[in-house]
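Here the structure is laid out as structure tokens; the discussion comes afterwards.
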Amino acid sequence: MKYKNYIFDLYGTLIDINTNEWSAQLWKKMAILYGYYGAEYTYKELGAEYGRLVDKEKRAVMRRHPEYTVIDIKIEKVFRRLFTLKGVKPKKATVLEICEVFRCFSTKYIKLYDGVRELLDTIKENGGRIYLLSNAQRTFTENELNMLGLTPYFDGICISSDEECSKPDAHYYQILFDRYGLKKEESIMIGNDFRSDIGGAADFGIDSLYIHQSISPDIDGELRSTYTIMDGDVYKMIEILFGT
């Protein structure tokens, strides 16, 4: 086996998902929910404040981490602040519930791509270790990993909101490698984003496998992958990586 460590992106690679965080219907429901707790907003006001607070938190993270070129935020801070702006002091559990409801309301569908379980099982059967390096929110992703039965497969998980750093920043890759003691020559990055997953891996100095899915960003630069699958067929990863 050429690789010992298989590092996966999540959305668009293992999980097929479609979300819309800016629909009027979503924000109307969220405004009702905030009203239940005494934080009264019109839906337009709530959506506007959410956007403003996201931008404000991004600026704060950039000040804390000037060494990072690509940052992320903890979205729960934004949902908490939406309460306190209206004089409401929410419990931690309430804020987490708001995050979960927001994700549920904004998700049109979520499912595993065909072949994902077979791929992960094959890696494990061949003695490989599986890691997650995802640009995502912990409050959303942890539930989805559990719901879809993916959590037990991973030997290590890095989520960008925890680290306030995102792919393709080399610092984010380094966090994963330092935390779990990985070696570059034993590792491969697998993802559907030519810049974050593949460009980031190339800059960091590890091999990569690119799989193009319908939600993949357009390729508007050099695709620097070691292996390439352009038709979204996850089963082809098994063929490429294990020759079966």
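Chains: A, B, ... in order of the structure tokens. Residues: from 1 per chain. Ligands: from 1, in order shown.
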Contacts of segment 4-15 of chain A at 6 Å (only C-alpha atoms; same-chain gap of 3+ positions) as a PyMOL selection string: chain A and resi 111-113+128-134+186-192
Write the residues of the selection above to a file with C-alpha atoms, as a compact mmCIF listing (two decimals), in the first residue's frame.
```
# COMPACT_ATOMS: atom_id res chain seq x y z
CA LYS A 111 -26.58 12.13 1.78
CA LEU A 112 -23.46 10.05 1.20
CA TYR A 113 -22.20 9.65 -2.34
CA GLY A 128 -4.96 2.62 6.24
CA ARG A 129 -5.78 5.46 8.59
CA ILE A 130 -8.49 7.96 7.73
CA TYR A 131 -8.48 11.64 8.64
CA LEU A 132 -10.87 14.52 8.05
CA LEU A 133 -9.67 17.99 7.10
CA SER A 134 -12.82 19.99 6.49
CA GLU A 186 2.80 8.53 3.66
CA SER A 187 -0.21 10.77 3.09
CA ILE A 188 -2.70 11.72 0.37
CA MET A 189 -5.36 14.45 0.32
CA ILE A 190 -8.68 13.56 -1.32
CA GLY A 191 -11.11 16.31 -2.25
CA ASN A 192 -13.37 17.97 -4.79
```
Picked from segment 1-242 of chain A by DSSP as strand (DSSP E), as a ChimeraX atom specification: /A:5-8,15-19,107-112,129-134,156-159,187-191,207-211,227-229
For Lys91 of chain A: contacts at 12 Å, only C-alpha atoms, fewer than 4 positions along chain excluded, given as number ranges by chain: A: 37, 76, 79-80, 83-84, 95-98
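The list of residues with at least one atom within 7 Å of Ile219 of chain A, based on only C-alpha atoms and without residues fewer than 2 positions apart in the same chain, reads Phe194, Pro217 and Gly221 of chain A.
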May I have the residues from that selection written out with N, CA and C atoms, as a short mmCIF file (atom, residue, chain, number, x, y, z; two decimals), in the first residue's frame?
```cif
data_model
loop_
_atom_site.label_atom_id
_atom_site.label_comp_id
_atom_site.auth_asym_id
_atom_site.auth_seq_id
_atom_site.Cartn_x
_atom_site.Cartn_y
_atom_site.Cartn_z
N PHE A 194 -10.48 22.15 -6.44
CA PHE A 194 -9.16 22.19 -7.08
C PHE A 194 -8.21 23.14 -6.37
N PRO A 217 -16.31 23.59 -7.21
CA PRO A 217 -16.06 24.89 -7.84
C PRO A 217 -15.49 24.69 -9.24
N GLY A 221 -7.94 27.34 -12.92
CA GLY A 221 -6.48 27.41 -12.84
C GLY A 221 -5.91 26.02 -13.04
#
```
Contact residues around Pro168 of chain A with only C-alpha atoms at 12 Å, ignoring same-chain residues under 5 positions, as a list of chain:residue names: A:Asp9, A:Tyr68, A:Thr69, A:Val70, A:Ile71, A:Asp72, A:Leu133, A:Ser134, A:Asn135, A:Ser160, A:Tyr173, A:Gln174, A:Met189, A:Gly191, A:Asp193, A:Phe194, A:Arg195, A:Ser196, A:Asp197, A:Ile198, A:Gly199, A:Gly200, A:Ala201, A:Ala202, A:Asp203, A:Phe204
Backbone-only DSSP, alpha helix (DSSP H) members of chain A, as a PyMOL selection string: chain A and resi 24-36+43-64+75-84+92-106+116-125+138-147+160-163+170-180+200-204+235-242
